[in-house]
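Structure data follow from protein28.cif (mmCIF, C-alpha atoms):
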```cif
data_final
loop_
_atom_site.label_atom_id
_atom_site.label_comp_id
_atom_site.auth_asym_id
_atom_site.auth_seq_id
_atom_site.Cartn_x
_atom_site.Cartn_y
_atom_site.Cartn_z
CA MET A 1 13.07 52.86 51.35
CA PRO A 2 10.31 51.48 53.68
CA THR A 3 11.00 51.99 57.38
CA SER A 4 10.33 49.64 60.28
CA SER A 5 7.09 51.51 60.97
CA ASP A 6 6.06 50.93 57.34
CA ALA A 7 6.77 47.22 57.76
CA ASN A 8 4.61 47.15 60.87
CA ALA A 9 1.84 48.99 59.04
CA ILE A 10 1.84 46.29 56.35
CA LYS A 11 1.87 43.39 58.82
CA SER A 12 -0.94 44.86 60.93
CA ASP A 13 -3.16 45.71 57.98
CA PRO A 14 -6.44 43.80 58.45
CA LEU A 15 -6.99 43.15 54.73
CA LEU A 16 -3.49 41.84 54.03
CA PHE A 17 -4.61 38.35 55.08
CA ARG A 18 -7.69 38.47 52.83
CA PHE A 19 -5.69 39.65 49.83
CA SER A 20 -3.05 37.01 50.52
CA LEU A 21 -5.71 34.33 50.93
CA TYR A 22 -7.11 35.25 47.52
CA GLY A 23 -3.73 34.69 45.88
CA PHE A 24 -3.07 31.51 47.84
CA LEU A 25 -6.38 29.91 46.82
CA LYS A 26 -6.23 31.24 43.24
CA ASN A 27 -2.91 29.53 42.70
CA LEU A 28 -4.23 26.15 43.80
CA ARG A 29 -4.73 25.34 40.13
CA VAL A 30 -4.07 21.66 40.52
CA PHE A 31 -4.06 21.20 36.73
CA GLU A 32 -1.30 23.71 36.07
CA PRO A 33 1.86 21.58 36.63
CA PHE A 34 0.49 18.97 34.21
CA LEU A 35 -1.47 21.01 31.66
CA ILE A 36 0.71 20.36 28.60
CA LEU A 37 1.16 16.71 29.63
CA PHE A 38 -2.63 16.42 29.95
CA PHE A 39 -3.07 17.68 26.40
CA ARG A 40 -0.24 15.51 25.07
CA ASP A 41 -1.75 12.46 26.79
CA ALA A 42 -5.02 13.29 25.02
CA GLY A 43 -3.20 13.01 21.67
CA LEU A 44 -2.78 16.69 20.84
CA SER A 45 0.28 18.04 19.00
CA PHE A 46 2.24 20.99 20.35
CA PHE A 47 0.72 23.14 17.60
CA GLN A 48 -2.81 22.17 18.69
CA ILE A 49 -1.86 22.98 22.26
CA GLY A 50 -0.61 26.36 21.07
CA LEU A 51 -3.92 26.91 19.29
CA LEU A 52 -5.80 26.16 22.52
CA TYR A 53 -3.66 28.70 24.34
CA ALA A 54 -4.43 31.18 21.54
CA VAL A 55 -8.19 30.49 21.83
CA ARG A 56 -7.98 31.24 25.54
CA ASP A 57 -5.96 34.39 25.01
CA ILE A 58 -8.08 35.76 22.15
CA SER A 59 -11.22 35.18 24.24
CA THR A 60 -9.59 37.06 27.08
CA ASN A 61 -8.42 39.82 24.76
CA LEU A 62 -11.86 40.46 23.27
CA LEU A 63 -13.37 40.96 26.72
CA GLU A 64 -10.42 42.64 28.46
CA ILE A 65 -11.42 46.27 27.95
CA PRO A 66 -15.19 45.74 28.52
CA ALA A 67 -14.40 43.75 31.67
CA GLY A 68 -12.13 46.52 32.96
CA VAL A 69 -14.80 49.13 32.27
CA VAL A 70 -17.41 46.99 34.04
CA ALA A 71 -15.06 46.65 37.02
CA ASP A 72 -14.56 50.42 37.28
CA SER A 73 -18.21 51.28 36.59
CA SER A 74 -20.27 48.69 38.43
CA GLY A 75 -17.93 47.14 40.98
CA ARG A 76 -14.65 45.28 41.03
CA ARG A 77 -15.94 42.64 43.42
CA ARG A 78 -18.74 41.72 41.01
CA SER A 79 -16.18 41.26 38.25
CA MET A 80 -14.15 38.91 40.44
CA VAL A 81 -17.23 36.82 41.23
CA ILE A 82 -18.05 36.50 37.50
CA SER A 83 -14.44 35.51 36.91
CA PHE A 84 -14.40 32.67 39.41
CA LEU A 85 -17.75 31.28 38.30
CA SER A 86 -16.31 31.10 34.77
CA TYR A 87 -13.17 29.32 35.99
CA ILE A 88 -15.21 26.70 37.83
CA LEU A 89 -17.37 26.00 34.77
CA SER A 90 -14.27 25.58 32.61
CA PHE A 91 -12.80 23.05 35.06
CA ILE A 92 -16.00 21.01 34.86
CA LEU A 93 -15.81 20.97 31.04
CA PHE A 94 -12.14 19.94 30.99
CA TYR A 95 -12.92 17.05 33.31
CA SER A 96 -16.13 15.93 31.62
CA LEU A 97 -15.69 16.34 27.85
CA PRO A 98 -12.50 15.16 26.06
CA GLY A 99 -11.47 16.28 22.58
CA PHE A 100 -10.00 19.37 20.92
CA ALA A 101 -13.38 21.06 20.33
CA SER A 102 -14.46 20.54 23.95
CA TYR A 103 -11.12 21.80 25.23
CA ALA A 104 -11.45 24.87 22.99
CA SER A 105 -14.88 25.61 24.50
CA ALA A 106 -13.46 25.24 27.98
CA MET A 107 -10.62 27.58 27.03
CA VAL A 108 -13.12 30.23 25.88
CA ILE A 109 -14.89 30.08 29.24
CA PHE A 110 -11.55 30.12 31.06
CA GLY A 111 -10.63 33.20 28.99
CA ILE A 112 -13.79 34.94 30.19
CA GLY A 113 -12.63 34.30 33.75
CA GLU A 114 -9.20 35.74 32.94
CA ALA A 115 -10.73 38.86 31.36
CA PHE A 116 -12.83 39.69 34.42
CA ARG A 117 -9.97 38.96 36.83
CA SER A 118 -6.91 40.43 35.11
CA GLY A 119 -6.01 43.78 36.60
CA THR A 120 -9.15 43.91 38.74
CA HIS A 121 -7.75 42.41 41.92
CA LYS A 122 -4.63 44.58 41.65
CA ALA A 123 -7.01 47.56 41.46
CA LEU A 124 -8.76 46.36 44.64
CA ILE A 125 -5.44 46.27 46.48
CA LEU A 126 -4.35 49.66 45.16
CA GLU A 127 -7.71 51.19 46.13
CA HIS A 128 -7.24 49.88 49.67
CA LEU A 129 -3.73 51.37 49.83
CA ARG A 130 -5.03 54.71 48.55
CA LEU A 131 -7.83 54.86 51.11
CA ASN A 132 -5.37 54.15 53.92
CA ASP A 133 -2.52 56.43 52.75
CA LEU A 134 -0.23 53.47 52.11
CA GLU A 135 0.42 54.07 48.41
CA HIS A 136 4.14 54.55 49.05
CA LEU A 137 4.26 50.87 50.09
CA LYS A 138 3.00 49.43 46.79
CA VAL A 139 6.08 47.30 46.09
CA PRO A 140 6.52 45.61 49.52
CA TYR A 141 2.74 45.26 50.08
CA TYR A 142 2.02 43.71 46.71
CA GLY A 143 5.17 41.64 47.08
CA ARG A 144 3.78 40.07 50.27
CA THR A 145 0.45 39.19 48.69
CA ARG A 146 2.24 37.70 45.70
CA ALA A 147 4.46 35.71 48.05
CA ALA A 148 1.32 34.09 49.47
CA SER A 149 0.28 33.24 45.90
CA GLN A 150 3.57 31.45 45.32
CA ILE A 151 3.19 29.51 48.58
CA GLY A 152 -0.14 28.36 47.14
CA SER A 153 1.61 27.33 43.93
CA ALA A 154 4.24 25.39 45.89
CA LEU A 155 1.59 23.49 47.83
CA ASN A 156 -0.36 23.05 44.61
CA ALA A 157 2.59 21.23 43.02
CA LEU A 158 2.62 18.66 45.81
CA ILE A 159 -1.16 18.18 45.72
CA ALA A 160 -1.12 17.77 41.93
CA ALA A 161 1.79 15.32 42.04
CA ALA A 162 0.12 13.23 44.76
CA LEU A 163 -3.16 13.16 42.84
CA VAL A 164 -1.56 12.09 39.55
CA PHE A 165 0.63 9.53 41.32
CA TYR A 166 -2.36 8.03 43.15
CA THR A 167 -4.79 7.99 40.20
CA GLY A 168 -2.33 7.62 37.31
CA ASN A 169 -4.61 10.00 35.37
CA TYR A 170 -4.17 13.70 34.58
CA ARG A 171 -7.91 14.33 34.20
CA TYR A 172 -8.69 14.46 37.93
CA VAL A 173 -6.54 17.57 38.43
CA PHE A 174 -9.39 19.70 37.03
CA LEU A 175 -11.92 18.22 39.42
CA ALA A 176 -9.62 18.95 42.37
CA SER A 177 -9.17 22.56 41.22
CA ILE A 178 -12.85 23.33 41.83
CA VAL A 179 -12.59 23.11 45.63
CA PRO A 180 -10.19 26.04 46.31
CA TYR A 181 -11.91 28.16 43.68
CA VAL A 182 -15.29 27.80 45.40
CA ALA A 183 -13.61 28.87 48.67
CA ASP A 184 -12.00 31.86 46.97
CA LEU A 185 -15.35 32.82 45.45
CA PHE A 186 -16.76 33.30 48.95
CA ASN A 187 -13.63 35.18 50.05
CA LEU A 188 -13.97 37.66 47.18
CA ALA A 189 -17.73 38.10 47.54
CA THR A 190 -17.25 39.30 51.14
CA TYR A 191 -14.59 41.95 50.46
CA PRO A 192 -15.54 45.43 51.82
CA ARG A 193 -17.79 47.39 49.47
CA ARG A 194 -15.54 50.45 49.64
CA LEU A 195 -12.95 48.63 47.51
CA ASP A 196 -15.28 48.82 44.51
CA GLY A 197 -14.06 52.38 44.00
CA GLU A 198 -15.86 55.68 43.43
CA LEU A 199 -18.46 54.19 41.06
CA ALA A 200 -19.50 51.27 43.27
CA ASP A 201 -22.92 52.64 44.26
CA LEU A 202 -24.49 53.26 40.88
CA ASP A 203 -28.06 54.11 40.03
CA ILE A 204 -28.84 51.66 37.23
CA THR A 205 -30.39 54.49 35.17
CA ALA A 206 -27.07 56.36 35.30
CA LEU A 207 -25.04 53.37 34.15
CA PRO A 208 -24.80 54.35 30.43
CA ALA A 209 -23.47 57.81 31.34
CA GLN A 210 -21.01 56.34 33.83
CA LEU A 211 -19.80 53.82 31.25
CA LYS A 212 -19.27 56.62 28.75
CA ALA A 213 -17.28 58.69 31.26
CA THR A 214 -15.14 55.73 32.31
CA THR A 215 -14.46 54.76 28.69
CA ARG A 216 -13.40 58.33 27.86
CA THR A 217 -10.91 58.37 30.73
CA PHE A 218 -9.74 54.88 29.82
CA LEU A 219 -8.93 55.96 26.27
CA SER A 220 -6.79 58.77 27.66
CA ILE A 221 -4.31 56.12 28.81
CA PHE A 222 -3.27 55.62 25.19
CA ARG A 223 -2.28 59.29 24.95
CA ASN A 224 0.23 58.84 27.78
CA PRO A 225 3.45 57.53 26.17
CA GLN A 226 5.15 57.02 29.54
CA ALA A 227 2.35 54.78 30.79
CA MET A 228 2.18 52.87 27.50
CA ARG A 229 5.92 52.16 27.47
CA ALA A 230 5.73 50.85 31.03
CA ILE A 231 2.76 48.69 30.05
CA LEU A 232 4.59 47.31 26.99
CA ASN A 233 7.65 46.42 29.07
CA SER A 234 5.55 44.60 31.66
CA SER A 235 3.25 42.83 29.20
CA GLY A 236 6.09 41.80 26.90
CA PHE A 237 7.99 39.97 29.61
CA ASP A 238 4.80 38.37 30.94
CA ALA A 239 3.72 37.18 27.49
CA PHE A 240 6.98 35.35 26.82
CA TYR A 241 7.03 33.93 30.34
CA LYS A 242 3.45 32.67 30.28
CA ALA A 243 3.72 31.26 26.75
CA THR A 244 6.86 29.27 27.57
CA LYS A 245 6.69 28.37 31.26
CA ASP A 246 4.60 25.21 30.81
CA TYR A 247 7.24 23.77 28.46
CA LEU A 248 9.21 22.95 31.57
CA GLN A 249 6.77 20.03 31.94
CA PRO A 250 7.93 17.94 28.94
CA ILE A 251 11.55 18.71 29.89
CA LEU A 252 10.90 17.40 33.40
CA GLN A 253 9.04 14.37 32.04
CA THR A 254 11.96 13.47 29.77
CA PHE A 255 14.37 13.96 32.66
CA ALA A 256 12.24 11.79 34.98
CA LEU A 257 12.03 8.96 32.44
CA SER A 258 15.80 9.07 31.90
CA LEU A 259 16.50 8.35 35.58
CA PRO A 260 17.06 4.70 36.61
CA LEU A 261 14.46 5.10 39.35
CA PHE A 262 10.92 3.76 39.85
CA VAL A 263 11.14 1.92 36.53
CA THR A 264 8.23 -0.34 37.48
CA LEU A 265 5.83 2.62 37.70
CA GLU A 266 3.70 4.05 34.90
CA THR A 267 4.96 7.07 32.93
CA GLU A 268 2.47 9.42 34.59
CA GLN A 269 3.47 8.25 38.06
CA ARG A 270 7.21 8.54 37.44
CA SER A 271 6.78 12.00 35.94
CA SER A 272 4.54 13.19 38.77
CA LEU A 273 7.23 12.56 41.37
CA ILE A 274 9.88 14.69 39.67
CA ILE A 275 7.44 17.37 38.48
CA GLY A 276 5.86 17.73 41.91
CA ILE A 277 9.20 18.09 43.70
CA VAL A 278 10.69 20.52 41.18
CA TYR A 279 7.61 22.75 41.00
CA PHE A 280 7.36 22.75 44.80
CA PHE A 281 10.85 24.20 45.15
CA ILE A 282 10.38 26.57 42.21
CA PHE A 283 7.32 28.18 43.76
CA LEU A 284 8.77 28.13 47.26
CA MET A 285 11.72 30.13 45.98
CA SER A 286 9.40 32.32 43.90
CA SER A 287 7.53 33.21 47.09
CA TYR A 288 10.76 34.42 48.63
CA ALA A 289 11.57 36.34 45.44
CA SER A 290 8.23 38.19 45.63
CA ARG A 291 8.85 39.18 49.24
CA THR A 292 12.25 40.61 48.34
CA ALA A 293 11.08 42.68 45.35
CA GLY A 294 11.55 45.88 47.36
CA ARG A 295 15.15 44.95 48.17
CA VAL A 296 15.88 44.17 44.54
CA ARG A 297 14.57 47.59 43.54
CA ASP A 298 16.81 49.27 46.14
CA ARG A 299 19.91 47.75 44.53
CA PHE A 300 19.35 49.91 41.44
CA ASP A 301 19.39 53.65 40.96
CA ASN A 302 15.75 53.66 39.91
CA VAL A 303 12.83 51.40 39.03
CA ALA A 304 13.55 51.73 35.30
CA GLN A 305 17.01 50.26 35.67
CA ALA A 306 15.71 47.34 37.73
CA ILE A 307 12.97 46.56 35.23
CA ASN A 308 15.22 46.79 32.16
CA THR A 309 17.96 44.64 33.69
CA THR A 310 15.62 41.88 34.85
CA PHE A 311 14.00 41.81 31.39
CA LEU A 312 17.35 41.14 29.71
CA ILE A 313 18.35 38.53 32.28
CA GLY A 314 15.00 36.78 31.78
CA ALA A 315 15.53 36.67 28.02
CA GLY A 316 18.96 35.17 28.63
CA CYS A 317 17.44 32.52 30.89
CA LEU A 318 14.93 31.48 28.23
CA LEU A 319 17.60 31.30 25.54
CA THR A 320 19.92 29.26 27.75
CA ALA A 321 17.11 26.91 28.81
CA GLY A 322 16.30 26.22 25.17
CA LEU A 323 19.90 25.61 24.13
CA ALA A 324 20.55 23.40 27.17
CA SER A 325 17.45 21.29 26.49
CA TRP A 326 18.37 21.05 22.80
CA GLN A 327 21.79 19.65 23.75
CA ASP A 328 20.26 17.32 26.39
CA TYR A 329 21.71 19.25 29.35
CA ARG A 330 18.39 18.86 31.11
CA ILE A 331 19.54 19.71 34.64
CA LEU A 332 20.97 23.01 33.40
CA SER A 333 17.76 23.71 31.49
CA ILE A 334 15.67 23.08 34.60
CA LEU A 335 17.89 25.32 36.76
CA VAL A 336 17.76 28.18 34.25
CA PHE A 337 13.98 27.84 34.03
CA LEU A 338 13.98 28.32 37.80
CA GLY A 339 15.72 31.66 37.25
CA LEU A 340 13.00 32.72 34.82
CA TYR A 341 10.28 31.90 37.36
CA LEU A 342 12.09 33.90 40.05
CA LEU A 343 12.57 36.93 37.82
CA HIS A 344 8.90 36.95 36.87
CA ASN A 345 7.91 37.18 40.52
CA VAL A 346 10.50 39.85 41.31
CA ARG A 347 9.28 41.98 38.38
CA LYS A 348 5.54 41.88 39.06
CA PRO A 349 5.49 44.16 42.13
CA LEU A 350 7.89 46.58 40.41
CA ASN A 351 5.76 46.77 37.27
CA VAL A 352 2.49 47.15 39.18
CA ALA A 353 3.92 50.07 41.16
CA LEU A 354 5.34 51.72 38.04
CA ILE A 355 2.14 51.43 36.02
CA SER A 356 -0.17 52.46 38.86
CA ASP A 357 1.75 55.70 39.38
CA GLN A 358 0.98 56.77 35.81
CA ILE A 359 -2.74 55.92 35.60
CA GLU A 360 -5.60 57.82 37.20
CA ASN A 361 -7.08 55.98 40.17
CA GLN A 362 -10.67 55.92 38.95
CA VAL A 363 -9.72 53.84 35.92
CA MET A 364 -7.07 51.71 37.61
CA ALA A 365 -8.78 48.41 36.73
CA SER A 366 -9.12 49.54 33.10
CA GLY A 367 -5.49 50.64 32.96
CA LEU A 368 -4.18 47.42 34.38
CA SER A 369 -6.46 45.58 31.97
CA VAL A 370 -4.63 47.29 29.10
CA GLU A 371 -1.48 45.57 30.34
CA SER A 372 -3.28 42.23 30.57
CA GLN A 373 -4.78 42.73 27.13
CA LEU A 374 -1.37 43.22 25.57
CA VAL A 375 -0.16 40.08 27.35
CA THR A 376 -2.99 38.01 25.91
CA LEU A 377 -2.59 39.54 22.44
CA LEU A 378 1.12 38.70 22.37
CA MET A 379 0.49 35.23 23.76
CA ALA A 380 -2.12 34.55 21.07
CA ILE A 381 0.71 35.03 18.57
CA ILE A 382 3.55 33.44 20.51
CA ALA A 383 1.81 30.25 21.72
CA PRO A 384 0.90 28.72 18.30
CA THR A 385 4.27 29.80 16.90
CA LEU A 386 6.07 28.11 19.78
CA GLY A 387 3.95 24.97 19.35
CA ALA A 388 4.64 24.77 15.61
CA LEU A 389 8.38 25.23 16.24
CA ALA A 390 8.32 22.54 18.95
CA ASP A 391 6.74 20.07 16.52
CA LEU A 392 9.29 21.02 13.89
CA VAL A 393 12.61 21.33 15.75
CA GLY A 394 11.82 20.09 19.26
CA VAL A 395 11.07 21.85 22.52
CA GLY A 396 14.67 22.99 23.10
CA GLY A 397 15.10 24.59 19.67
CA ALA A 398 11.72 26.32 19.94
CA LEU A 399 12.57 27.82 23.33
CA ALA A 400 15.93 29.04 22.03
CA VAL A 401 14.24 30.88 19.14
CA LEU A 402 11.79 32.47 21.57
CA GLY A 403 14.72 33.49 23.78
CA LEU A 404 16.22 35.45 20.88
CA ALA A 405 12.88 37.13 20.15
CA MET A 406 12.50 38.05 23.83
CA THR A 407 15.96 39.62 23.82
CA ALA A 408 14.97 41.82 20.87
CA LEU A 409 11.81 42.94 22.67
CA ALA A 410 13.78 43.68 25.84
CA LEU A 411 15.87 46.18 23.86
CA LEU A 412 12.83 47.73 22.14
CA ALA A 413 10.72 48.12 25.29
CA ARG A 414 13.32 49.73 27.53
CA VAL A 415 11.95 52.16 30.12
CA THR A 416 14.16 55.21 30.55
CA ALA A 417 14.89 56.89 33.87
CA PRO A 418 13.43 60.33 32.96
CA GLU A 419 10.06 58.69 32.27
CA VAL A 420 9.91 57.20 35.75
CA ALA A 421 11.71 59.88 37.75
CA GLU A 422 8.58 60.61 39.76
CA VAL A 423 8.01 56.92 40.43
CA SER A 424 11.58 56.52 41.65
CA GLN A 425 11.13 59.29 44.18
CA VAL A 426 7.92 57.72 45.45
CA GLN A 427 9.50 54.30 45.88
CA ARG A 428 12.50 55.73 47.72
#
```
For this file, produce the structure as structure tokens.
Amino acid sequence: MPTSSDANAIKSDPLLFRFSLYGFLKNLRVFEPFLILFFRDAGLSFFQIGLLYAVRDISTNLLEIPAGVVADSSGRRRSMVISFLSYILSFILFYSLPGFASYASAMVIFGIGEAFRSGTHKALILEHLRLNDLEHLKVPYYGRTRAASQIGSALNALIAAALVFYTGNYRYVFLASIVPYVADLFNLATYPRRLDGELADLDITALPAQLKATTRTFLSIFRNPQAMRAILNSSGFDAFYKATKDYLQPILQTFALSLPLFVTLETEQRSSLIIGIVYFFIFLMSSYASRTAGRVRDRFDNVAQAINTTFLIGAGCLLTAGLASWQDYRILSILVFLGLYLLHNVRKPLNVALISDQIENQVMASGLSVESQLVTLLMAIIAPTLGALADLVGVGGALAVLGLAMTALALLARVTAPEVAEVSQVQR
């Protein structure tokens, strides 16, 4: 358990602010609270929306391993810069060119950004902790940076709601998202060079040999069953969460329109008020959940038990949210969705610590990219399936079916205590 001196070491760390600023700015995705509503307003079916999510995830998946290798071989900071330039270009396309084909193109470019970012920034943080002998503080340190991300998401909800309420148009949320991403681009570009890892200063003529060596070590991850089970557990939960979380938006919209309030306003304006307030409190509470990840872990005998239990509870939340929405108990559905958001943020620091303890440091970005790749692969399957079910039986019924599937995966992807015995000792 971290001591008071450990807590002081975290607070006084000079890069904690920079890492936290990255997460804060990254989560100012002004479009996010209204993404499904934006697509629905453009005339897309839930199945088409699911296909767009799949396009994004397949694009990410195809580049995940090469991006991780590039990060480990030629510099993690460079990968992050490529990532944010891709994000900004995708925002411009979403704002400028309507239509399914244009949105699909924007999703491909967004997927490129995801591929070069996923796992890479975690590797930057873990490299910093290694260099400063703070690896035993992975959970509380990463929890603090993630808490800053959720503060950004909470503020983002208010900004997005105000923008939609003022303009009455969902399209402007993409234009507004460019500003914080340009700021974060400069933040990332000025990170210390030492965080690039051992292969940061490469002679360009040695690059092919370095790529071959990194790839060989990367492939060794697949021969480690303990690491792969931990990765499957983490990626499975994340895939279900990310594929379903935006479906809170149509539930909130239906709830907002059912209230006898602001009846003279347009649909977008009435929805923005409720969505902005609810998302603000969700992410505010998620920030607190991230900061308390270390305390949650200490309530269990080991990390494995904490991870397995939260997976099952999360599956139960999704199932309950679907059934409640199906039966028009919208307030209950919203509250249970809140629980799913909180669990996701509690689990992330635990999973990052568990996975990082079982992967060699020099391929950390590649290893964490394996996790992200599995997330995107699963989402590419789940998202269109969820969309087709939503068109067929409604949002509530579709979420309930996904809740059952998530429960099955929670039982299949259990992490056992013997596999993480060493991790448990480190975290204690």
Practice prompt. Specify as JSON, numbers by chain each residue included when the PyMOL selection byres ((chain A and resi 351) around 9) is applied to this file.
Written response: {"A": [139, 230, 231, 233, 234, 303, 307, 347, 348, 349, 350, 352, 353, 354, 355, 356]}
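Closest approach to Thr244 (chain A) from the set A:Tyr172, A:Tyr329, A:Phe94, A:Tyr53 is made by A:Tyr53, with distances taken over only C-alpha atoms.
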Discussion item. Take the PyMOL selection byres ((chain A and resi 89) around 10), run it mentally on this structure, and tell me the resulting residues as a PyMOL selection string.
Written reply: chain A and resi 84-88+90-94+106+109-110+113+178
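Residues in contact range of region 402-419 of chain A, defined as at most 8 Å between only C-alpha atoms, with sequence neighbours fewer than 2 positions away removed, read Gln226, Arg229, Ala230, Leu232, Asn233, Gly236, Phe237, Phe240, Asn302, Val303, Ala304, Gln305, Ile307, Asn308, Phe311, Leu312, Ala315, Gly316, Cys317, Leu318, Leu319, Thr320, Gly322, Leu386, Ala398, Leu399, Ala400, Ala421 and Glu422 of chain A.
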Item to complete: Expand the PyMOL selection byres ((chain A and resi 58) around 10) into the individual residues it matches in the shown file, reporting them as a ChimeraX atom specification.
Response: /A:52-57,59-64,107-108,111-112,373,376-381
Fill in: Nearest to Val395 (chain A), chosen from A:Leu137, A:Val346, A:Ala324, A:Ile277, with all atoms listed in the file counted in the distances
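With all atoms listed in the file as the atom set, the closest residue is A:Ala324.
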Worksheet item: So, counting all atoms listed in the file, which residue among A:Leu323, A:Ile274, A:Val296, A:Leu284 is closest to Gln150 (chain A)?
Response: A:Leu284
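Rounded to one decimal, CA of Ser105 (chain A) and CA of Val173 (chain A) lie 18.1 Å from each other.
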Do you have, as a Markdown table, the list of residues of region 267-326 of chain A lying at most 12 Å from region 9-31 of chain A, each with its nearest atom pair and that distance in Å to one decimal, counting all atoms listed in the file and ordered by chain then number?
```
| residue | atom | partner | partner_atom | distance |
| --- | --- | --- | --- | --- |
| A:Ser272 | CA | A:Phe31 | CA | 11.9 |
| A:Gly276 | CA | A:Val30 | CA | 10.8 |
| A:Tyr279 | CA | A:Val30 | CA | 11.7 |
| A:Phe283 | CA | A:Asn27 | CA | 10.4 |
| A:Ser287 | CA | A:Phe24 | CA | 10.8 |
```
Worksheet entry | Residues within 10 Å of region 250-252 of chain A, only C-alpha atoms, excluding chain neighbours under 5 positions, as a count of residues only | 22
Discussion item. Please return as a PyMOL selection string every residue within 6 Å of (-17.5, 47.1, 44.3), taking into account only C-alpha atoms and the file's own coordinates.
Written reply: chain A and resi 75-77+193+195-196+200
Practice prompt. Name all residues at most 9 Å from Ala189 (chain A) (count all atoms listed in the file; drop same-chain ones fewer than 6 positions away) and give them as a count of residues only.
Written response: 4
Worksheet item: What gap, in Å, lies between CA of His128 (chain A) and CA of Pro192 (chain A)?
Response: 9.7 Å
